[in-house]
Number of protein chains: 2
Amino acid sequence: MEILRTVEDMQRFADRVRQRGRTIGFVPTMGYLHEGHVSLVHIARRHADVVVVSIFVNPTQFGPGEDFESYPRDFERDRRMVAAAGADCLYCPDADEMYPPGYQTTVCVREVTRNLCGLSRPAHFEGVATVVAKLFNAVKPQYAVFGQKDFQQLVVIKRMVRDLNMDIDIIGAPIVREPDGIAMSSRNKYLGTAERQAARCLSRALDAVRSRADEGERSAQALISLARGIISAEPLGRIDYVKVCDAVTLQDVERLEREAVMAVAVFFEKARLIDNTILHVDGPQP
Amino acid sequence: MEILRTVEDMQRFADRVRQRGRTIGFVPTMGYLHEGHVSLVHIARRHADVVVVSIFVNPTQFGPGEDFESYPRDFERDRRMVAAAGADCLYCPDADEMYPPGYQTTVCVREVTRNLCGLSRPAHFEGVATVVAKLFNAVKPQYAVFGQKDFQQLVVIKRMVRDLNMDIDIIGAPIVREPDGIAMSSRNKYLGTAERQAARCLSRALDAVRSRADEGERSAQALISLARGIISAEPLGRIDYVKVCDAVTLQDVERLEREAVMAVAVFFEKARLIDNTILHVDGPQP
């Protein structure tokens with residue numbers, strides 16, 4: 001597995017792959033990898049000849065007071081996991097390589113960044129869209145794989161790619177969960193034993209909501225109340241949001257009439273966890 | 001010469017060129033072409049195997065009350081000129097292809113867009129950077145050629161390309177002038193006979209400034225006063241700005257100590273003309 005640290009080296013690697021008529025699948029990460037990331041590498045491998053994983057803890061997507069400094073990092077462990085997952089190249093630029101002096105350009109995706117995490121983290125998605133645009137230009141992939149756990153991020157990236165005519169297929173990958181239902185996340189490391197136990201309320205709430213929707217409930221408010229009730233029963237959690245949104249526009253919906261998503265964000269002490277579930281609807285109820 | 005109208009067709013054309021190991025040189029325009037544009041095509045041809053010219057009058061770079069509606073258009077004449085100049089492909093998407101319903105992404109280059117035309121045309125360069133990013137992703141060039149008449153635009157595009165790690169060489173091309181010194185521009189069409197005569201004061205002022213700088217003048221204010229004097233002597237002109245800026249940061253300078261640019265924008269009735277000259281400096285005067 002090649003390990004590359006500069007934009008220039010990454011682009012020349014990508015050029016060589018493409019000149020041989022082979023395709024590149026890309027998995028951008030912030031490192032501290034888990035089985036969810038490994039599943040993304042496997043999905044990339046199914047689509048492309050050569051798989052590139054990037055690790056970059058992007059400072060511009062963290063707000064003031066957020067966990068940029070404390071975000072978990074373990075390069076040696078990550079490197080072994082990426083190699084074991086079968087990736088061909090690990091791209092890990094440092095912050096000076098990504099944002100040299102004089103840097104001043106951002107990519108802004110408007111409507112779909114206004115709700116959900118965009119409400120609590122105002123500059124987050126501008127940081128995400130910008131760094132992903134940069135990574136795409138360095139890695140030059142035909143395919144890029146993003147986990148659906150960060151559902152809004154996936155929507156933002158799809159929108160950016162479509163709007164800016166980037167010739168890249170964006171593939172959303174299913175959420176990978178721990179045996180107890182908690183969605184895998186590098187930030188689960190922040191959870192103490194009691195919080196970890198409490199955090200199971202997220203997937204419990206989403207399971208209950210999906211069952212209720214499958215039974216025919218179409219009122220977003222009814223589903224939100226159900227989820228809030230389950231999450232609020234855990235005294236260690238503090239709800240940031242519980243919302244039902246259109247799966248494409250991410251605008252709040254009142255009734256389930258097209259594909260929607262229930263998305264939740266809950267603080268457990270210093271960990272802010274997010275989770276979601278797609279709510280498929282065949283059509284409006286009579 | 002191929003004429004392509006969709007992003008998809010353009011990208012497949014570019015893929016075929018690149019798969020044959022050939023390079024693409026790109027000249028983005030808003031049409032109503034003149035000899036300045038033709039010179040850009042010739043420069044692209046010197047760098048690349050295949051030359052693509054785009055014509056798109058981009059609505060998002062015109063402000064309210066500006067000349068989007070009246071901007072001159074003549075597709076048949078443009079098509080003949082592009083073919084005669086030796087281009088291989090003419091890319092001319094329409095506005096619905098570029099900005100379909102739901103479109104919501106912009107590219108923003110900050111510091112270098114704040115001065116000069118960015119002062120009088122606040123959203124202009126966001127529109128320019130965004131449309132050029134889109135055109136680059138459709139045309140996939142290794143080289144792109146921009147005229148130095150739009151000096152700030154050239155600086156903005158260079159900055160965007162560098163910041164977003166786009167793997168494209170940006171080539172600045174010398175200003176092409178009419179025999180009477182007026183910089184070629186599609187907007188010269190707006191000039192009546194008397195205004196056309198008056199507009200010669202721009203290049204006269206810039207020539208005088210360059211001579212004075214060559215003689216050793218290092219005070220930006222002295223050079224600005226000289227230029228304003230010459231331009232103000234023409235009653236048909238109304239100065240928007242006359243500035244001396246650092247050629248890289250575009251910040252106003254007080255003294256010529258590194259490469260600088262004098263840039264001017266002057267209204268003649270409904271035409272707003274811009275022009276500039278680079279001021280080379282070997283080092284600070286003693």
# chains A, B, ... in the order shown; residues from 1 in each chain; ligands from 1

call {"tool": "closest_atom_pairs", "arguments": {"of": "chain B", "to": "chain A", "cutoff": "6 Å", "atoms": "only C-alpha atoms", "output": "CSV"}}
result
residue,atom,partner,partner_atom,distance
B:Tyr103,CA,A:Asp163,CA,5.9
B:Gln104,CA,A:Arg110,CA,5.4
B:Thr105,CA,A:Val109,CA,4.3
B:Thr106,CA,A:Cys108,CA,5.3
B:Val107,CA,A:Val107,CA,4.6
B:Cys108,CA,A:Thr106,CA,5.3
B:Val109,CA,A:Thr105,CA,4.3
B:Arg110,CA,A:Gln104,CA,5.4
B:Lys134,CA,A:Leu164,CA,4.8
B:Asn137,CA,A:Met166,CA,5.4
B:Asp163,CA,A:Tyr103,CA,5.9
B:Leu164,CA,A:Lys134,CA,4.8
B:Asn165,CA,A:Lys134,CA,5.6
B:Met166,CA,A:Asn137,CA,5.4

call {"tool": "residues_around", "arguments": {"residues": "Pro179 in chain B", "least_positions_apart": "3", "cutoff": "12 Å", "atoms": "only C-alpha atoms", "output": "list in words"}}
result
Glu35, Val176, Ile182, Ala183, Met184, Arg200 and Ser203 of chain B

call {"tool": "residues_around", "arguments": {"residues": "Leu4 in chain B", "least_positions_apart": "2", "cutoff": "7 Å", "atoms": "only C-alpha atoms", "output": "list in words"}}
result
Glu2, Thr6, Asp9, Met10, Leu90, Tyr91 and Cys92 of chain B

call {"tool": "select_by_dssp", "arguments": {"residues": "range 125-239 of chain B", "states": "strand (DSSP E)", "output": "ChimeraX atom specification"}}
result
/B:143-147,169-173,237-239

call {"tool": "atom_distance", "arguments": {"atom1": "CA of Ala205 in chain B", "atom2": "CA of Ser39 in chain B"}}
result
24.4 Å

call {"tool": "atom_distance", "arguments": {"atom1": "CA of Phe151 in chain B", "atom2": "CA of Asp275 in chain B"}}
result
8.3 Å

call {"tool": "residues_around", "arguments": {"residues": "Ile274 in chain A", "least_positions_apart": "2", "cutoff": "8 Å", "atoms": "only C-alpha atoms", "output": "ChimeraX atom specification"}}
result
/A:149-150,263-266,272,276

call {"tool": "residues_around", "arguments": {"residues": "Ser186 in chain A", "least_positions_apart": "5", "cutoff": "9 Å", "atoms": "only C-alpha atoms", "output": "MDAnalysis selection string"}}
result
chainID A and resid 30:34 71:72

call {"tool": "residues_around", "arguments": {"residues": "Asp169 in chain B", "least_positions_apart": "4", "cutoff": "8 Å", "atoms": "only C-alpha atoms", "output": "list in words"}}
result
Gln142, Tyr143 and Ala144 of chain B

call {"tool": "select_by_dssp", "arguments": {"residues": "range 98-285 of chain B", "states": "helix (DSSP H, G or I)", "output": "MDAnalysis selection string"}}
result
chainID B and resid 98 111:113 117:120 124:139 151:163 186:190 193:198 200:214 220:232

call {"tool": "closest_residue", "arguments": {"among": "A:His280, A:Arg45, A:Arg228, A:Arg114", "to": "Gln152 in chain A", "atoms": "only C-alpha atoms"}}
result
A:Arg114

call {"tool": "atom_distance", "arguments": {"atom1": "CA of Ile157 in chain B", "atom2": "CA of Asp67 in chain B"}}
result
22.4 Å

call {"tool": "decode", "arguments": {"residues": "range 246-282 of chain B", "atoms": "N, CA and C atoms", "output": "PDB file, in the first residue's frame"}}
result
ATOM      1  N   ASP B 246      -1.045  45.274  -5.387  1.00  0.00           N
ATOM      2  CA  ASP B 246      -0.121  44.149  -5.474  1.00  0.00           C
ATOM      3  C   ASP B 246      -0.667  43.155  -6.498  1.00  0.00           C
ATOM      4  N   ALA B 247       0.206  42.654  -7.374  1.00  0.00           N
ATOM      5  CA  ALA B 247      -0.271  41.825  -8.488  1.00  0.00           C
ATOM      6  C   ALA B 247      -0.729  40.439  -8.044  1.00  0.00           C
ATOM      7  N   VAL B 248      -0.389  40.036  -6.818  1.00  0.00           N
ATOM      8  CA  VAL B 248      -0.816  38.711  -6.333  1.00  0.00           C
ATOM      9  C   VAL B 248      -1.982  38.830  -5.349  1.00  0.00           C
ATOM     10  N   THR B 249      -1.859  39.718  -4.376  1.00  0.00           N
ATOM     11  CA  THR B 249      -2.906  39.825  -3.344  1.00  0.00           C
ATOM     12  C   THR B 249      -4.017  40.778  -3.763  1.00  0.00           C
ATOM     13  N   LEU B 250      -3.748  41.646  -4.729  1.00  0.00           N
ATOM     14  CA  LEU B 250      -4.682  42.699  -5.182  1.00  0.00           C
ATOM     15  C   LEU B 250      -5.017  43.706  -4.089  1.00  0.00           C
ATOM     16  N   GLN B 251      -4.197  43.775  -3.059  1.00  0.00           N
ATOM     17  CA  GLN B 251      -4.399  44.824  -2.070  1.00  0.00           C
ATOM     18  C   GLN B 251      -3.718  46.111  -2.545  1.00  0.00           C
ATOM     19  N   ASP B 252      -4.361  47.244  -2.208  1.00  0.00           N
ATOM     20  CA  ASP B 252      -3.777  48.530  -2.565  1.00  0.00           C
ATOM     21  C   ASP B 252      -2.358  48.621  -2.016  1.00  0.00           C
ATOM     22  N   VAL B 253      -1.470  49.213  -2.798  1.00  0.00           N
ATOM     23  CA  VAL B 253      -0.121  49.449  -2.283  1.00  0.00           C
ATOM     24  C   VAL B 253       0.122  50.953  -2.276  1.00  0.00           C
ATOM     25  N   GLU B 254       1.017  51.399  -1.400  1.00  0.00           N
ATOM     26  CA  GLU B 254       1.373  52.819  -1.367  1.00  0.00           C
ATOM     27  C   GLU B 254       2.600  53.099  -2.216  1.00  0.00           C
ATOM     28  N   ARG B 255       3.494  52.104  -2.258  1.00  0.00           N
ATOM     29  CA  ARG B 255       4.704  52.252  -3.063  1.00  0.00           C
ATOM     30  C   ARG B 255       4.920  50.996  -3.905  1.00  0.00           C
ATOM     31  N   LEU B 256       5.532  51.163  -5.057  1.00  0.00           N
ATOM     32  CA  LEU B 256       5.862  50.018  -5.905  1.00  0.00           C
ATOM     33  C   LEU B 256       7.103  49.340  -5.351  1.00  0.00           C
ATOM     34  N   GLU B 257       6.903  48.171  -4.752  1.00  0.00           N
ATOM     35  CA  GLU B 257       8.064  47.452  -4.217  1.00  0.00           C
ATOM     36  C   GLU B 257       8.131  46.027  -4.734  1.00  0.00           C
ATOM     37  N   ARG B 258       7.007  45.487  -5.128  1.00  0.00           N
ATOM     38  CA  ARG B 258       6.966  44.189  -5.809  1.00  0.00           C
ATOM     39  C   ARG B 258       6.139  44.387  -7.073  1.00  0.00           C
ATOM     40  N   GLU B 259       5.938  43.320  -7.836  1.00  0.00           N
ATOM     41  CA  GLU B 259       5.140  43.463  -9.043  1.00  0.00           C
ATOM     42  C   GLU B 259       3.749  43.971  -8.669  1.00  0.00           C
ATOM     43  N   ALA B 260       3.341  45.022  -9.341  1.00  0.00           N
ATOM     44  CA  ALA B 260       2.045  45.643  -9.054  1.00  0.00           C
ATOM     45  C   ALA B 260       1.270  45.780 -10.346  1.00  0.00           C
ATOM     46  N   VAL B 261       0.012  46.159 -10.205  1.00  0.00           N
ATOM     47  CA  VAL B 261      -0.813  46.384 -11.383  1.00  0.00           C
ATOM     48  C   VAL B 261      -1.553  47.703 -11.181  1.00  0.00           C
ATOM     49  N   MET B 262      -1.581  48.541 -12.221  1.00  0.00           N
ATOM     50  CA  MET B 262      -2.538  49.634 -12.198  1.00  0.00           C
ATOM     51  C   MET B 262      -3.776  49.153 -12.936  1.00  0.00           C
ATOM     52  N   ALA B 263      -4.913  49.224 -12.254  1.00  0.00           N
ATOM     53  CA  ALA B 263      -6.172  48.776 -12.853  1.00  0.00           C
ATOM     54  C   ALA B 263      -7.149  49.937 -12.831  1.00  0.00           C
ATOM     55  N   VAL B 264      -7.889  50.087 -13.941  1.00  0.00           N
ATOM     56  CA  VAL B 264      -8.858  51.180 -14.034  1.00  0.00           C
ATOM     57  C   VAL B 264     -10.189  50.631 -14.537  1.00  0.00           C
ATOM     58  N   ALA B 265     -11.261  51.250 -14.062  1.00  0.00           N
ATOM     59  CA  ALA B 265     -12.606  50.960 -14.578  1.00  0.00           C
ATOM     60  C   ALA B 265     -13.286  52.301 -14.783  1.00  0.00           C
ATOM     61  N   VAL B 266     -13.828  52.509 -15.968  1.00  0.00           N
ATOM     62  CA  VAL B 266     -14.415  53.806 -16.323  1.00  0.00           C
ATOM     63  C   VAL B 266     -15.720  53.564 -17.083  1.00  0.00           C
ATOM     64  N   PHE B 267     -16.769  54.273 -16.671  1.00  0.00           N
ATOM     65  CA  PHE B 267     -18.031  54.220 -17.405  1.00  0.00           C
ATOM     66  C   PHE B 267     -18.004  55.203 -18.568  1.00  0.00           C
ATOM     67  N   PHE B 268     -18.488  54.749 -19.732  1.00  0.00           N
ATOM     68  CA  PHE B 268     -18.789  55.641 -20.855  1.00  0.00           C
ATOM     69  C   PHE B 268     -20.234  55.361 -21.217  1.00  0.00           C
ATOM     70  N   GLU B 269     -21.112  56.243 -20.743  1.00  0.00           N
ATOM     71  CA  GLU B 269     -22.544  55.987 -20.908  1.00  0.00           C
ATOM     72  C   GLU B 269     -22.863  54.606 -20.351  1.00  0.00           C
ATOM     73  N   LYS B 270     -23.411  53.694 -21.143  1.00  0.00           N
ATOM     74  CA  LYS B 270     -23.779  52.388 -20.563  1.00  0.00           C
ATOM     75  C   LYS B 270     -22.639  51.362 -20.588  1.00  0.00           C
ATOM     76  N   ALA B 271     -21.511  51.706 -21.205  1.00  0.00           N
ATOM     77  CA  ALA B 271     -20.386  50.776 -21.216  1.00  0.00           C
ATOM     78  C   ALA B 271     -19.495  51.022 -20.003  1.00  0.00           C
ATOM     79  N   ARG B 272     -19.167  49.938 -19.287  1.00  0.00           N
ATOM     80  CA  ARG B 272     -18.175  50.050 -18.218  1.00  0.00           C
ATOM     81  C   ARG B 272     -16.939  49.311 -18.724  1.00  0.00           C
ATOM     82  N   LEU B 273     -15.883  50.073 -18.993  1.00  0.00           N
ATOM     83  CA  LEU B 273     -14.667  49.473 -19.555  1.00  0.00           C
ATOM     84  C   LEU B 273     -13.621  49.303 -18.466  1.00  0.00           C
ATOM     85  N   ILE B 274     -12.870  48.209 -18.560  1.00  0.00           N
ATOM     86  CA  ILE B 274     -11.742  48.021 -17.648  1.00  0.00           C
ATOM     87  C   ILE B 274     -10.476  47.854 -18.465  1.00  0.00           C
ATOM     88  N   ASP B 275      -9.368  48.207 -17.843  1.00  0.00           N
ATOM     89  CA  ASP B 275      -8.069  48.046 -18.492  1.00  0.00           C
ATOM     90  C   ASP B 275      -7.022  48.027 -17.382  1.00  0.00           C
ATOM     91  N   ASN B 276      -5.827  47.606 -17.699  1.00  0.00           N
ATOM     92  CA  ASN B 276      -4.791  47.553 -16.668  1.00  0.00           C
ATOM     93  C   ASN B 276      -3.432  47.431 -17.314  1.00  0.00           C
ATOM     94  N   THR B 277      -2.418  47.684 -16.506  1.00  0.00           N
ATOM     95  CA  THR B 277      -1.048  47.423 -16.953  1.00  0.00           C
ATOM     96  C   THR B 277      -0.232  46.936 -15.764  1.00  0.00           C
ATOM     97  N   ILE B 278       0.606  45.967 -16.043  1.00  0.00           N
ATOM     98  CA  ILE B 278       1.509  45.468 -15.004  1.00  0.00           C
ATOM     99  C   ILE B 278       2.643  46.475 -14.833  1.00  0.00           C
ATOM    100  N   LEU B 279       3.017  46.709 -13.588  1.00  0.00           N
ATOM    101  CA  LEU B 279       4.144  47.602 -13.293  1.00  0.00           C
ATOM    102  C   LEU B 279       5.255  46.756 -12.685  1.00  0.00           C
ATOM    103  N   HIS B 280       6.258  46.454 -13.504  1.00  0.00           N
ATOM    104  CA  HIS B 280       7.370  45.640 -13.029  1.00  0.00           C
ATOM    105  C   HIS B 280       8.327  46.520 -12.238  1.00  0.00           C
ATOM    106  N   VAL B 281       8.803  45.995 -11.158  1.00  0.00           N
ATOM    107  CA  VAL B 281       9.729  46.752 -10.322  1.00  0.00           C
ATOM    108  C   VAL B 281      10.881  45.830  -9.958  1.00  0.00           C
ATOM    109  N   ASP B 282      12.085  46.296 -10.172  1.00  0.00           N
ATOM    110  CA  ASP B 282      13.237  45.448  -9.858  1.00  0.00           C
ATOM    111  C   ASP B 282      13.545  45.431  -8.373  1.00  0.00           C
TER     112      ASP B 282
END
